[in-house]
Amino acid sequence: MRNRAIKTGELRQFHYFLTLAQELHFGRAAELCFITQPALSQQIARLEESVGVRLFERGQRAIALTPAGEIFRDGVQGVFRLIEESTRAARAAGGLHDMRLSIGLVEYASVPMLPAALKRLRALYPDIRTARHEMDAAAQVEALQRGRIDLGIAVILDDPAQWLPADGAVSAEPLLLAGWKLLVRDDHPLAAAGGGQVSLEQLARERVVMFARAVNPSVYDRVLATCRDAGAAPDIVYETSQVQTGVQLAREGLGGMLATAFALPEPLPGMVALAVPELAPLAMHAFWRSGETQPVVLDFLAITVEEARRCAVAGQR
């Protein structure tokens with residue numbers, strides 16, 4: 001008779017199982033696990049073979065947990081909670097009580113994965129203290145090299161390689177992409193025209209509310225340069241360092257607010273966000289020291305990448 005005991009080396013399968021149990025969709029779960037859908041199916045099939053029962057009912061359009069699968073899900077969740085508790089206890093026993101994490105970012109960007117990432121980090125390090133420093137990509141790279149921050153989350157329009165030092169001391173990882181939008185009232189002529197997008201030529205004929213250059217100088221300059229190169233410089237009537245101020249000015253009809261999904265809250269009753277496809281998407285990246293060894297920094301980096309992927313998959317639904 002085949003030995004069906006589950007080995008500790010199959011913890012990754014448990015992670016795949018819990019992700020699928022949460023999403024109940026092979027495609028989304030595979031994206032979140034950073035594997036292909038066939039590979040996920042194979043891993044789940046092997047897990048079911050090891051357990052000895054079917055954990056999922058598979059239909060043509062949907063899947064669901066079997067009664068055995070629900071029991072297994074609850075048990076596996078308990079295993080992961082125990083691992084987290086044991087990890088915390090071991091770190092405390094090793095003297096890792098007063099832990100600090102310093103993050104560089106631009107508050108205006110409203111980093112979507114940050115709340116979930118910080119919540120998960122605190123579950124691993126209950127006594128963690130986090131400090132946020134307002135700084136753009138260039139300042140983040142310098143701060144990493146000087147040891148002022150542990151990790152940066154930057155929004156840029158360029159290849160991140162141009163921001164990194166030649167000696168490879170700082171690394172970058174892509175997190176999210178967001179296209180540009182013009183936020184206008186739903187009674188604005190552009191909204192009424194339909195089509196859901198705005199050309200740079202149309203944008204040049206509108207009054208525009210935009211983020212202040214001090215918020216992110218490189219992105220500000222690139223956006224205006226793209227408009228000028230197209231012969232369509234926008235009429236900027238107000239620059240703001242506060243997202244809500246820009247939204248309110250657009251709501252009052254002072255002008256359309258030019259921003260990306262990183263800054264625009266949703267939903268916005270009475271407002272319409274029109275795509276501006278001629279502007280290159282804004283990319284969010286994580287920056288960190290290439291030789292980083294601190295577990296808290298490496299854990300936060302891994303969690304942030306995973307939560308960014310979760311945000312991206314949720315946005316595709």
# chains A, B, ... in the order shown; residues from 1 in each chain; ligands from 1

$ residues_around --residues "range 56-60 of chain A" --least-positions-apart "4" --cutoff "12 Å" --atoms "only C-alpha atoms" --output "PyMOL selection string"
chain A and resi 17-18+20-22+24-26+41+44-45+47-48+64-73

$ write_last_selection --atoms "N, CA, C and O atoms" --output "short mmCIF file (atom, residue, chain, number, x, y, z; two decimals), in the first residue's frame"
data_model
loop_
_atom_site.label_atom_id
_atom_site.label_comp_id
_atom_site.auth_asym_id
_atom_site.auth_seq_id
_atom_site.Cartn_x
_atom_site.Cartn_y
_atom_site.Cartn_z
N PHE A 17 -2.77 25.15 -2.49
CA PHE A 17 -4.12 24.71 -2.15
C PHE A 17 -4.92 25.84 -1.50
O PHE A 17 -6.08 26.10 -1.88
N LEU A 18 -4.32 26.55 -0.53
CA LEU A 18 -5.04 27.63 0.15
C LEU A 18 -5.39 28.76 -0.81
O LEU A 18 -6.46 29.36 -0.72
N LEU A 20 -5.95 28.48 -4.07
CA LEU A 20 -7.05 28.01 -4.90
C LEU A 20 -8.35 27.95 -4.09
O LEU A 20 -9.42 28.27 -4.60
N ALA A 21 -8.26 27.54 -2.83
CA ALA A 21 -9.45 27.47 -1.98
C ALA A 21 -10.05 28.86 -1.76
O ALA A 21 -11.26 29.00 -1.60
N GLN A 22 -9.20 29.88 -1.77
CA GLN A 22 -9.69 31.24 -1.61
C GLN A 22 -10.26 31.80 -2.91
O GLN A 22 -11.33 32.43 -2.92
N LEU A 24 -11.00 30.02 -5.81
CA LEU A 24 -11.93 29.10 -6.52
C LEU A 24 -11.91 29.38 -8.02
O LEU A 24 -12.94 29.38 -8.70
N HIS A 25 -10.71 29.61 -8.52
CA HIS A 25 -10.52 29.88 -9.95
C HIS A 25 -9.06 29.54 -10.28
O HIS A 25 -8.14 30.17 -9.74
N PHE A 26 -8.85 28.54 -11.14
CA PHE A 26 -7.49 28.09 -11.42
C PHE A 26 -6.63 29.18 -12.04
O PHE A 26 -5.45 29.32 -11.70
N SER A 41 -2.66 22.80 -11.58
CA SER A 41 -3.55 21.63 -11.64
C SER A 41 -2.79 20.36 -11.24
O SER A 41 -3.32 19.51 -10.50
N ILE A 44 -2.16 20.35 -7.43
CA ILE A 44 -3.38 20.04 -6.68
C ILE A 44 -3.73 18.56 -6.81
O ILE A 44 -4.13 17.90 -5.84
N ALA A 45 -3.53 18.01 -8.01
CA ALA A 45 -3.81 16.59 -8.22
C ALA A 45 -2.88 15.72 -7.36
O ALA A 45 -3.32 14.72 -6.77
N LEU A 47 -1.50 16.64 -4.55
CA LEU A 47 -1.91 16.80 -3.16
C LEU A 47 -3.13 15.93 -2.85
O LEU A 47 -3.18 15.26 -1.81
N GLU A 48 -4.08 15.91 -3.76
CA GLU A 48 -5.26 15.08 -3.56
C GLU A 48 -4.89 13.60 -3.51
O GLU A 48 -5.44 12.84 -2.71
N ALA A 64 -15.40 24.14 -6.65
CA ALA A 64 -15.82 24.35 -5.27
C ALA A 64 -15.11 23.33 -4.39
O ALA A 64 -14.70 22.26 -4.85
N LEU A 65 -14.95 23.67 -3.12
CA LEU A 65 -14.37 22.75 -2.16
C LEU A 65 -15.36 21.64 -1.85
O LEU A 65 -16.57 21.88 -1.69
N THR A 66 -14.88 20.43 -1.77
CA THR A 66 -15.70 19.32 -1.28
C THR A 66 -15.78 19.44 0.24
O THR A 66 -15.02 20.21 0.86
N PRO A 67 -16.69 18.72 0.90
CA PRO A 67 -16.71 18.72 2.37
C PRO A 67 -15.35 18.35 2.95
O PRO A 67 -14.90 18.95 3.93
N ALA A 68 -14.67 17.37 2.33
CA ALA A 68 -13.33 17.01 2.79
C ALA A 68 -12.36 18.16 2.56
O ALA A 68 -11.47 18.41 3.38
N GLY A 69 -12.55 18.88 1.45
CA GLY A 69 -11.68 20.02 1.16
C GLY A 69 -11.83 21.14 2.16
O GLY A 69 -10.86 21.80 2.53
N GLU A 70 -13.06 21.36 2.63
CA GLU A 70 -13.29 22.40 3.64
C GLU A 70 -12.59 22.06 4.94
O GLU A 70 -11.98 22.93 5.59
N ILE A 71 -12.67 20.80 5.33
CA ILE A 71 -11.99 20.36 6.56
C ILE A 71 -10.48 20.50 6.40
O ILE A 71 -9.77 20.97 7.28
N PHE A 72 -9.98 20.10 5.22
CA PHE A 72 -8.54 20.19 4.96
C PHE A 72 -8.08 21.64 4.96
O PHE A 72 -7.02 21.97 5.49
N ARG A 73 -8.89 22.54 4.35
CA ARG A 73 -8.55 23.98 4.33
C ARG A 73 -8.40 24.52 5.74
O ARG A 73 -7.42 25.20 6.05
#

$ select_by_dssp --residues "range 85-227 of chain A" --states "alpha helix (DSSP H)" --output "VMD selection string"
chain A and resid 85 to 93 114 to 124 137 to 146 189 to 192 200 to 203 217 to 227

$ select_by_dssp --residues "range 48-282 of chain A" --states "strand (DSSP E)" --output "ChimeraX atom specification"
/A:56-58,63-65,100-105,129-134,151-156,170-178,180-185,207-211,235-240,256-260,271-275,282

$ closest_residue --among "A:Val247, A:Val53, A:Ile128, A:Ala169" --to "Gly147 in chain A" --atoms "only C-alpha atoms"
A:Ala169

$ atom_distance --atom1 "CA of Val208 in chain A" --atom2 "CA of Tyr238 in chain A"
7.1 Å

$ residues_around --residues "Ala230 in chain A" --least-positions-apart "3" --cutoff "8 Å" --atoms "only C-alpha atoms" --output "list in words"
Leu200, Glu201, Thr226, Cys227 and Ala233 of chain A

$ closest_atom_pairs --of "range 18-102 of chain A" --to "range 295-299 of chain A" --cutoff "9 Å" --atoms "only C-alpha atoms" --output "Markdown table"
| residue | atom | partner | partner_atom | distance |
| --- | --- | --- | --- | --- |
| A:Met99 | CA | A:Val296 | CA | 8.1 |
| A:Arg100 | CA | A:Val296 | CA | 8.5 |
| A:Leu101 | CA | A:Val297 | CA | 7.1 |

$ residues_around --residues "Leu176 in chain A" --least-positions-apart "6" --cutoff "10 Å" --atoms "only C-alpha atoms" --output "list of chain:residue names"
A:Val111, A:Pro112, A:Met113, A:Val155, A:Phe262, A:Pro281, A:Leu282, A:Ala283, A:Met284, A:His285, A:Ala286, A:Val305, A:Ala308, A:Arg309, A:Cys311, A:Ala312

$ closest_residue --among "A:Leu55, A:Leu177, A:Leu124, A:Ala172" --to "Ser86 in chain A" --atoms "only C-alpha atoms"
A:Leu124

$ closest_residue --among "A:Leu268, A:Leu175, A:Ala137, A:Val184" --to "Val219 in chain A" --atoms "only C-alpha atoms"
A:Ala137

$ closest_residue --among "A:Thr260, A:Gln202, A:Asn216, A:Gln162" --to "Pro234 in chain A" --atoms "only C-alpha atoms"
A:Gln202

$ atom_distance --atom1 "CA of Gly94 in chain A" --atom2 "CA of Lys119 in chain A"
22.5 Å

$ atom_distance --atom1 "CA of Pro265 in chain A" --atom2 "CA of Gly179 in chain A"
14.2 Å

$ residues_around --residues "Ser241 in chain A" --least-positions-apart "2" --cutoff "8 Å" --atoms "only C-alpha atoms" --output "ChimeraX atom specification"
/A:108,211-212,214-215,239,243

$ residues_around --residues "Met271 in chain A" --least-positions-apart "3" --cutoff "9 Å" --atoms "only C-alpha atoms" --output "ChimeraX atom specification"
/A:183-187,191,250-251,267-268
